[in-house]
Each structure stands twice: as C-alpha cells, then as structure tokens.
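Data file: entry.cif. Format and content: mmCIF, N, CA and C atoms.
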data_input
#
loop_
_atom_site.label_atom_id
_atom_site.label_comp_id
_atom_site.auth_asym_id
_atom_site.auth_seq_id
_atom_site.Cartn_x
_atom_site.Cartn_y
_atom_site.Cartn_z
N MET A 1 -24.11 -23.26 -34.42
CA MET A 1 -24.63 -21.96 -34.06
C MET A 1 -26.14 -22.02 -34.16
N GLU A 2 -26.80 -21.71 -33.08
CA GLU A 2 -28.25 -21.79 -33.03
C GLU A 2 -28.80 -20.43 -32.60
N ASN A 3 -29.74 -19.91 -33.37
CA ASN A 3 -30.35 -18.60 -33.09
C ASN A 3 -29.31 -17.49 -32.99
N GLY A 4 -28.26 -17.57 -33.79
CA GLY A 4 -27.25 -16.52 -33.79
C GLY A 4 -26.29 -16.57 -32.61
N ARG A 5 -26.38 -17.57 -31.75
CA ARG A 5 -25.48 -17.69 -30.59
C ARG A 5 -24.34 -18.63 -30.91
N LYS A 6 -23.18 -18.28 -30.49
CA LYS A 6 -22.01 -19.12 -30.67
C LYS A 6 -22.02 -20.21 -29.60
N GLU A 7 -21.59 -21.40 -29.98
CA GLU A 7 -21.54 -22.49 -29.02
C GLU A 7 -20.51 -22.19 -27.94
N ALA A 8 -20.84 -22.56 -26.70
CA ALA A 8 -19.95 -22.28 -25.58
C ALA A 8 -18.75 -23.20 -25.57
N CYS A 9 -18.87 -24.36 -26.16
CA CYS A 9 -17.79 -25.35 -26.11
C CYS A 9 -17.46 -25.80 -27.52
N SER A 10 -16.19 -25.83 -27.84
CA SER A 10 -15.80 -26.19 -29.20
C SER A 10 -15.18 -27.59 -29.28
N CYS A 11 -15.19 -28.34 -28.19
CA CYS A 11 -14.59 -29.67 -28.24
C CYS A 11 -15.59 -30.68 -28.80
N GLU A 12 -15.13 -31.90 -29.04
CA GLU A 12 -15.96 -32.92 -29.66
C GLU A 12 -17.05 -33.43 -28.73
N ARG A 13 -16.79 -33.44 -27.44
CA ARG A 13 -17.78 -33.91 -26.47
C ARG A 13 -18.18 -32.75 -25.57
N PRO A 14 -19.25 -32.02 -25.95
CA PRO A 14 -19.61 -30.81 -25.20
C PRO A 14 -19.96 -31.07 -23.74
N LYS A 15 -20.56 -32.22 -23.43
CA LYS A 15 -20.91 -32.52 -22.04
C LYS A 15 -19.66 -32.59 -21.17
N LYS A 16 -18.63 -33.31 -21.68
CA LYS A 16 -17.40 -33.45 -20.90
C LYS A 16 -16.68 -32.12 -20.77
N CYS A 17 -16.68 -31.33 -21.84
CA CYS A 17 -16.04 -30.02 -21.81
C CYS A 17 -16.75 -29.11 -20.83
N GLY A 18 -18.09 -29.15 -20.82
CA GLY A 18 -18.86 -28.33 -19.89
C GLY A 18 -18.60 -28.73 -18.46
N LYS A 19 -18.46 -30.05 -18.21
CA LYS A 19 -18.20 -30.51 -16.85
C LYS A 19 -16.82 -30.05 -16.38
N ALA A 20 -15.84 -30.09 -17.28
CA ALA A 20 -14.48 -29.64 -16.92
C ALA A 20 -14.49 -28.15 -16.59
N ARG A 21 -15.23 -27.37 -17.36
CA ARG A 21 -15.34 -25.94 -17.07
C ARG A 21 -16.09 -25.71 -15.77
N GLY A 22 -17.08 -26.53 -15.50
CA GLY A 22 -17.81 -26.42 -14.25
C GLY A 22 -16.93 -26.70 -13.05
N ILE A 23 -16.11 -27.74 -13.14
CA ILE A 23 -15.19 -28.07 -12.04
C ILE A 23 -14.17 -26.95 -11.87
N ALA A 24 -13.63 -26.45 -12.99
CA ALA A 24 -12.66 -25.35 -12.91
C ALA A 24 -13.29 -24.10 -12.29
N SER A 25 -14.54 -23.82 -12.64
CA SER A 25 -15.20 -22.65 -12.07
C SER A 25 -15.44 -22.83 -10.58
N MET A 26 -15.76 -24.04 -10.15
CA MET A 26 -15.96 -24.29 -8.72
C MET A 26 -14.65 -24.11 -7.95
N ILE A 27 -13.55 -24.63 -8.50
CA ILE A 27 -12.25 -24.50 -7.84
C ILE A 27 -11.85 -23.03 -7.75
N LEU A 28 -12.04 -22.28 -8.83
CA LEU A 28 -11.70 -20.86 -8.81
C LEU A 28 -12.63 -20.08 -7.87
N GLY A 29 -13.88 -20.48 -7.81
CA GLY A 29 -14.81 -19.84 -6.89
C GLY A 29 -14.42 -20.06 -5.45
N ILE A 30 -14.00 -21.27 -5.13
CA ILE A 30 -13.54 -21.57 -3.76
C ILE A 30 -12.27 -20.77 -3.46
N ALA A 31 -11.37 -20.67 -4.43
CA ALA A 31 -10.16 -19.88 -4.23
C ALA A 31 -10.50 -18.41 -4.00
N GLY A 32 -11.54 -17.92 -4.68
CA GLY A 32 -11.97 -16.55 -4.47
C GLY A 32 -12.58 -16.34 -3.10
N VAL A 33 -13.33 -17.33 -2.61
CA VAL A 33 -13.94 -17.22 -1.28
C VAL A 33 -12.87 -17.25 -0.21
N VAL A 34 -11.91 -18.14 -0.34
CA VAL A 34 -10.85 -18.27 0.66
C VAL A 34 -9.93 -17.05 0.60
N GLY A 35 -9.86 -16.40 -0.53
CA GLY A 35 -9.01 -15.22 -0.65
C GLY A 35 -7.58 -15.58 -0.94
N PHE A 36 -7.38 -16.67 -1.64
CA PHE A 36 -6.05 -17.16 -1.96
C PHE A 36 -5.28 -16.08 -2.71
N GLY A 37 -4.20 -15.58 -2.10
CA GLY A 37 -3.35 -14.61 -2.76
C GLY A 37 -3.74 -13.17 -2.53
N GLY A 38 -4.70 -12.89 -1.68
CA GLY A 38 -5.10 -11.52 -1.38
C GLY A 38 -6.29 -11.08 -2.20
N ASN A 39 -6.61 -9.80 -2.08
CA ASN A 39 -7.81 -9.27 -2.72
C ASN A 39 -7.75 -9.34 -4.24
N ALA A 40 -6.66 -8.92 -4.84
CA ALA A 40 -6.58 -8.87 -6.30
C ALA A 40 -6.68 -10.26 -6.90
N ALA A 41 -5.95 -11.21 -6.34
CA ALA A 41 -6.01 -12.58 -6.87
C ALA A 41 -7.38 -13.20 -6.59
N GLY A 42 -7.98 -12.90 -5.44
CA GLY A 42 -9.30 -13.42 -5.12
C GLY A 42 -10.35 -12.89 -6.07
N ILE A 43 -10.27 -11.61 -6.40
CA ILE A 43 -11.21 -11.03 -7.35
C ILE A 43 -11.02 -11.63 -8.72
N ALA A 44 -9.77 -11.77 -9.16
CA ALA A 44 -9.50 -12.36 -10.48
C ALA A 44 -10.00 -13.80 -10.55
N ALA A 45 -9.76 -14.59 -9.51
CA ALA A 45 -10.22 -15.97 -9.49
C ALA A 45 -11.74 -16.04 -9.53
N SER A 46 -12.41 -15.15 -8.81
CA SER A 46 -13.87 -15.15 -8.79
C SER A 46 -14.45 -14.75 -10.14
N VAL A 47 -13.85 -13.76 -10.78
CA VAL A 47 -14.35 -13.31 -12.09
C VAL A 47 -14.17 -14.41 -13.14
N VAL A 48 -12.99 -15.02 -13.17
CA VAL A 48 -12.75 -16.09 -14.14
C VAL A 48 -13.64 -17.29 -13.84
N GLY A 49 -13.81 -17.60 -12.56
CA GLY A 49 -14.69 -18.70 -12.17
C GLY A 49 -16.13 -18.45 -12.59
N PHE A 50 -16.60 -17.22 -12.44
CA PHE A 50 -17.96 -16.89 -12.85
C PHE A 50 -18.13 -17.02 -14.36
N CYS A 51 -17.14 -16.54 -15.12
CA CYS A 51 -17.21 -16.65 -16.59
C CYS A 51 -17.21 -18.12 -17.04
N LEU A 52 -16.37 -18.93 -16.42
CA LEU A 52 -16.35 -20.36 -16.76
C LEU A 52 -17.67 -21.04 -16.39
N ALA A 53 -18.25 -20.64 -15.28
CA ALA A 53 -19.53 -21.22 -14.87
C ALA A 53 -20.62 -20.87 -15.87
N ARG A 54 -20.64 -19.64 -16.33
CA ARG A 54 -21.65 -19.26 -17.34
C ARG A 54 -21.46 -20.04 -18.63
N GLU A 55 -20.20 -20.20 -19.05
CA GLU A 55 -19.95 -20.97 -20.27
C GLU A 55 -20.38 -22.42 -20.10
N ALA A 56 -20.09 -22.99 -18.94
CA ALA A 56 -20.47 -24.38 -18.69
C ALA A 56 -21.99 -24.53 -18.65
N LEU A 57 -22.68 -23.60 -18.03
CA LEU A 57 -24.14 -23.67 -17.98
C LEU A 57 -24.75 -23.48 -19.36
N ASP A 58 -24.17 -22.59 -20.15
CA ASP A 58 -24.65 -22.41 -21.52
C ASP A 58 -24.35 -23.62 -22.39
N GLY A 59 -23.28 -24.36 -22.05
CA GLY A 59 -22.90 -25.54 -22.80
C GLY A 59 -23.69 -26.79 -22.41
N GLY A 60 -24.57 -26.68 -21.44
CA GLY A 60 -25.41 -27.81 -21.07
C GLY A 60 -24.90 -28.64 -19.92
N ASP A 61 -24.03 -28.11 -19.11
CA ASP A 61 -23.53 -28.86 -17.95
C ASP A 61 -24.64 -28.95 -16.91
N ASP A 62 -25.04 -30.17 -16.59
CA ASP A 62 -26.10 -30.37 -15.60
C ASP A 62 -25.59 -31.13 -14.37
N SER A 63 -24.27 -31.12 -14.16
CA SER A 63 -23.70 -31.88 -13.06
C SER A 63 -23.76 -31.15 -11.72
N GLY A 64 -23.99 -29.86 -11.74
CA GLY A 64 -24.04 -29.09 -10.51
C GLY A 64 -22.74 -28.37 -10.19
N PHE A 65 -21.64 -28.78 -10.81
CA PHE A 65 -20.36 -28.12 -10.56
C PHE A 65 -20.41 -26.67 -11.05
N ALA A 66 -21.02 -26.46 -12.21
CA ALA A 66 -21.10 -25.11 -12.76
C ALA A 66 -21.94 -24.21 -11.87
N GLN A 67 -23.05 -24.73 -11.36
CA GLN A 67 -23.89 -23.93 -10.46
C GLN A 67 -23.14 -23.61 -9.17
N ALA A 68 -22.42 -24.60 -8.64
CA ALA A 68 -21.61 -24.37 -7.44
C ALA A 68 -20.52 -23.35 -7.71
N GLY A 69 -19.90 -23.42 -8.88
CA GLY A 69 -18.87 -22.45 -9.25
C GLY A 69 -19.42 -21.05 -9.38
N LYS A 70 -20.63 -20.94 -9.95
CA LYS A 70 -21.26 -19.63 -10.08
C LYS A 70 -21.56 -19.03 -8.71
N ILE A 71 -22.09 -19.84 -7.80
CA ILE A 71 -22.44 -19.36 -6.46
C ILE A 71 -21.18 -18.99 -5.68
N THR A 72 -20.17 -19.86 -5.68
CA THR A 72 -18.96 -19.56 -4.92
C THR A 72 -18.21 -18.36 -5.50
N SER A 73 -18.27 -18.18 -6.80
CA SER A 73 -17.63 -17.00 -7.42
C SER A 73 -18.33 -15.72 -6.99
N LEU A 74 -19.65 -15.74 -6.95
CA LEU A 74 -20.38 -14.56 -6.51
C LEU A 74 -20.14 -14.27 -5.03
N VAL A 75 -20.09 -15.32 -4.22
CA VAL A 75 -19.78 -15.12 -2.79
C VAL A 75 -18.36 -14.57 -2.64
N GLY A 76 -17.42 -15.10 -3.40
CA GLY A 76 -16.04 -14.61 -3.35
C GLY A 76 -15.94 -13.14 -3.75
N LEU A 77 -16.67 -12.75 -4.80
CA LEU A 77 -16.67 -11.34 -5.20
C LEU A 77 -17.25 -10.47 -4.10
N GLY A 78 -18.32 -10.94 -3.47
CA GLY A 78 -18.92 -10.18 -2.38
C GLY A 78 -17.97 -10.02 -1.20
N LEU A 79 -17.30 -11.10 -0.84
CA LEU A 79 -16.35 -11.03 0.29
C LEU A 79 -15.17 -10.13 -0.02
N ARG A 80 -14.64 -10.23 -1.24
CA ARG A 80 -13.51 -9.37 -1.60
C ARG A 80 -13.92 -7.91 -1.63
N ALA A 81 -15.12 -7.62 -2.14
CA ALA A 81 -15.60 -6.23 -2.16
C ALA A 81 -15.82 -5.72 -0.74
N ALA A 82 -16.37 -6.56 0.13
CA ALA A 82 -16.60 -6.15 1.52
C ALA A 82 -15.28 -5.89 2.24
N SER A 83 -14.29 -6.74 2.01
CA SER A 83 -13.00 -6.53 2.68
C SER A 83 -12.30 -5.28 2.15
N ALA A 84 -12.44 -5.00 0.87
CA ALA A 84 -11.85 -3.78 0.32
C ALA A 84 -12.53 -2.54 0.90
N LEU A 85 -13.84 -2.58 1.03
CA LEU A 85 -14.56 -1.45 1.62
C LEU A 85 -14.20 -1.26 3.09
N LEU A 86 -14.04 -2.36 3.81
CA LEU A 86 -13.66 -2.28 5.21
C LEU A 86 -12.26 -1.67 5.35
N ALA A 87 -11.34 -2.10 4.52
CA ALA A 87 -9.99 -1.53 4.56
C ALA A 87 -10.01 -0.04 4.24
N LEU A 88 -10.81 0.34 3.27
CA LEU A 88 -10.95 1.76 2.92
C LEU A 88 -11.54 2.55 4.09
N ALA A 89 -12.54 1.99 4.76
CA ALA A 89 -13.15 2.67 5.90
C ALA A 89 -12.16 2.85 7.04
N VAL A 90 -11.33 1.83 7.30
CA VAL A 90 -10.33 1.94 8.37
C VAL A 90 -9.30 3.01 8.03
N VAL A 91 -8.85 3.03 6.81
CA VAL A 91 -7.87 4.04 6.40
C VAL A 91 -8.48 5.44 6.51
N MET A 92 -9.72 5.58 6.07
CA MET A 92 -10.37 6.90 6.15
C MET A 92 -10.55 7.32 7.61
N PHE A 93 -10.91 6.37 8.48
CA PHE A 93 -11.08 6.70 9.89
C PHE A 93 -9.79 7.25 10.49
N PHE A 94 -8.69 6.57 10.23
CA PHE A 94 -7.42 7.01 10.80
C PHE A 94 -6.93 8.30 10.16
N CYS A 95 -7.24 8.52 8.88
CA CYS A 95 -6.88 9.80 8.26
C CYS A 95 -7.65 10.94 8.89
N VAL A 96 -8.94 10.74 9.12
CA VAL A 96 -9.75 11.77 9.76
C VAL A 96 -9.26 12.01 11.19
N PHE A 97 -8.95 10.94 11.91
CA PHE A 97 -8.45 11.06 13.28
C PHE A 97 -7.14 11.82 13.31
N ALA A 98 -6.24 11.51 12.40
CA ALA A 98 -4.95 12.19 12.36
C ALA A 98 -5.12 13.66 12.01
N ALA A 99 -6.00 13.96 11.06
CA ALA A 99 -6.22 15.35 10.68
C ALA A 99 -6.82 16.13 11.84
N ALA A 100 -7.75 15.52 12.55
CA ALA A 100 -8.37 16.20 13.69
C ALA A 100 -7.34 16.44 14.80
N ALA A 101 -6.48 15.48 15.03
CA ALA A 101 -5.45 15.64 16.06
C ALA A 101 -4.47 16.73 15.71
N VAL A 102 -4.07 16.78 14.46
CA VAL A 102 -3.11 17.80 14.03
C VAL A 102 -3.75 19.18 14.08
N LEU A 103 -4.98 19.28 13.65
CA LEU A 103 -5.64 20.59 13.63
C LEU A 103 -5.97 21.10 15.03
N SER A 104 -6.28 20.18 15.94
CA SER A 104 -6.68 20.63 17.27
C SER A 104 -5.50 20.91 18.20
N GLU A 105 -4.47 20.12 18.14
CA GLU A 105 -3.37 20.24 19.09
C GLU A 105 -2.05 20.64 18.45
N GLY A 106 -1.97 20.66 17.18
CA GLY A 106 -0.71 20.97 16.52
C GLY A 106 0.18 19.73 16.45
N MET A 107 1.33 19.88 15.87
CA MET A 107 2.23 18.74 15.68
C MET A 107 2.82 18.24 17.00
N ALA A 108 2.85 19.06 18.02
CA ALA A 108 3.41 18.62 19.30
C ALA A 108 2.59 17.49 19.90
N TYR A 109 1.34 17.38 19.50
CA TYR A 109 0.46 16.33 20.02
C TYR A 109 0.95 14.94 19.64
N TRP A 110 1.64 14.83 18.51
CA TRP A 110 2.07 13.53 18.01
C TRP A 110 3.30 13.00 18.75
N TYR A 111 3.99 13.84 19.47
CA TYR A 111 5.19 13.38 20.16
C TYR A 111 4.82 12.92 21.57
N GLY A 112 5.20 11.73 21.91
CA GLY A 112 4.88 11.20 23.24
C GLY A 112 3.69 10.26 23.18
N PHE A 113 3.07 10.05 24.33
CA PHE A 113 2.00 9.08 24.45
C PHE A 113 0.61 9.70 24.37
N GLU A 114 0.51 10.94 23.99
CA GLU A 114 -0.79 11.59 23.93
C GLU A 114 -1.70 10.95 22.89
N VAL A 115 -1.13 10.40 21.83
CA VAL A 115 -1.93 9.75 20.80
C VAL A 115 -2.63 8.53 21.39
N PHE A 116 -1.92 7.75 22.18
CA PHE A 116 -2.52 6.56 22.77
C PHE A 116 -3.58 6.94 23.80
N ASP A 117 -3.35 8.03 24.54
CA ASP A 117 -4.35 8.51 25.48
C ASP A 117 -5.62 8.94 24.75
N ALA A 118 -5.45 9.59 23.61
CA ALA A 118 -6.61 10.03 22.83
C ALA A 118 -7.37 8.83 22.28
N LEU A 119 -6.65 7.81 21.81
CA LEU A 119 -7.31 6.59 21.32
C LEU A 119 -8.07 5.90 22.44
N GLN A 120 -7.48 5.84 23.62
CA GLN A 120 -8.14 5.20 24.75
C GLN A 120 -9.38 5.98 25.13
N ALA A 121 -9.30 7.28 25.14
CA ALA A 121 -10.46 8.11 25.48
C ALA A 121 -11.55 7.98 24.41
N LEU A 122 -11.14 7.77 23.18
CA LEU A 122 -12.10 7.65 22.10
C LEU A 122 -12.90 6.35 22.19
N PHE A 123 -12.25 5.25 22.58
CA PHE A 123 -12.91 3.96 22.57
C PHE A 123 -13.50 3.56 23.93
N VAL A 124 -13.18 4.30 24.98
CA VAL A 124 -13.73 3.99 26.31
C VAL A 124 -14.81 5.03 26.60
N CYS A 125 -16.03 4.55 26.81
CA CYS A 125 -17.14 5.48 27.04
C CYS A 125 -17.22 5.89 28.49
#
Render the structure in this file as structure tokens.
Amino acid sequence: MENGRKEACSCERPKKCGKARGIASMILGIAGVVGFGGNAAGIAASVVGFCLAREALDGGDDSGFAQAGKITSLVGLGLRAASALLALAVVMFFCVFAAAAVLSEGMAYWYGFEVFDALQALFVC
C-alpha cells in the first residue's frame, strides 16, 4: 500500500496479472463494441472491461492491451448508448404518429390501408 492506495493486483507477479487484466479488458471491450448479446450484455461487457483496464493500468501494465481495452470499452459504451437513444426516438416517433392519427381521424382510421397511405404521404415530399 503506497500513499494510502490499495494495490490493484494481489498476485505474486503484478506485471503478469496486469497484462492478463489488460487482455481481458480488451476482449470485453471488443465484445461491447460488437454488441455481443444485445444492449444489456454489451453495456455490461463494456463496463467490466473499462474497470479491468483501469485496474491493469494502475497495476503498471505497459503492454498496450489495457489502453486498447479502455478505448474499446468507451467506444462500446458510446455505441450502446447511441443505439438505445435511437430505439427510444423511433418508439417515441411512432407513439406520436399513432396519437396524432387517432386524435385526428378517430379509430376508424386504423382499419384498412389508410395508415400506409399516411406513412407514404409523410415520407414523400
């Protein structure tokens, strides 16, 4: 323990332990970027990868794996957040569209092909 900080690695060979954590963080960061398992698993992989990268960097890992893991984890978190926001925006758009259709034309508007005609008119200028 130096300056009140706890050591990041408790194994006998801190360099090797830091490198293993760096490699693990890089693998988890790549899994977060690719989105392995969907948004929730991608976010979890990115968060764990980022934590492992910080521990490896604090433990003295100078191999570059920890830095790569930190970067890929942050990119994965950004991509997962962007995809979640995009999904939310799409859902909100269709909810607003449905509410406007129901309020303007009543429920009879939903029966038949009028919905598709309205969508076509909306997207064709």
Practice problem: Using the chain letters and numbers from the file, give me the residues hit by the PyMOL selection byres ((chain A and resi 63-65) around 8), as a list in words. | Solution: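 For this structure, the PyMOL selection byres ((chain A and resi 63-65) around 8) resolves to Gly18, Lys19, Arg21, Gly22, Ile23, Ala24, Ser25, Met26, Ile27, Ala53, Ala56, Leu57, Gly60, Asp61, Asp62, Ala66, Gln67, Ala68, Gly69, Lys70 and Ile71 of chain A.
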Quiz item: What does the PyMOL selection byres ((chain A and resi 32) around 7) select in this file, as a list in words?
Solution: Ile27, Leu28, Gly29, Ile30, Ala31, Val33, Val34, Gly35, Phe36, Ala41, Gly42, Ile43, Ala44, Ala45, Ser46, Thr72, Ser73, Val75, Gly76, Leu77 and Arg80 of chain A
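Between CA of Leu79 in chain A and CA of Val47 in chain A there is a distance of 12.7 Å.
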Exercise. Please measure the separation of atom C of Leu52 in chain A and atom N of Ala82 in chain A, giving the value in Å to one decimal.
Key: 22.0 Å
Exercise. Have a look at atom N of Gly78 in chain A and CA of Arg54 in chain A and let me know their distance in Å, one decimal.
Key: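 Between atom N of Gly78 in chain A and CA of Arg54 in chain A the gap works out to 16.5 Å.
Here the question is which of A:Ala20, A:Leu74, A:Ala84, A:Val91 gets nearest to Glu55 in chain A using only C-alpha atoms, and that residue is A:Ala20.
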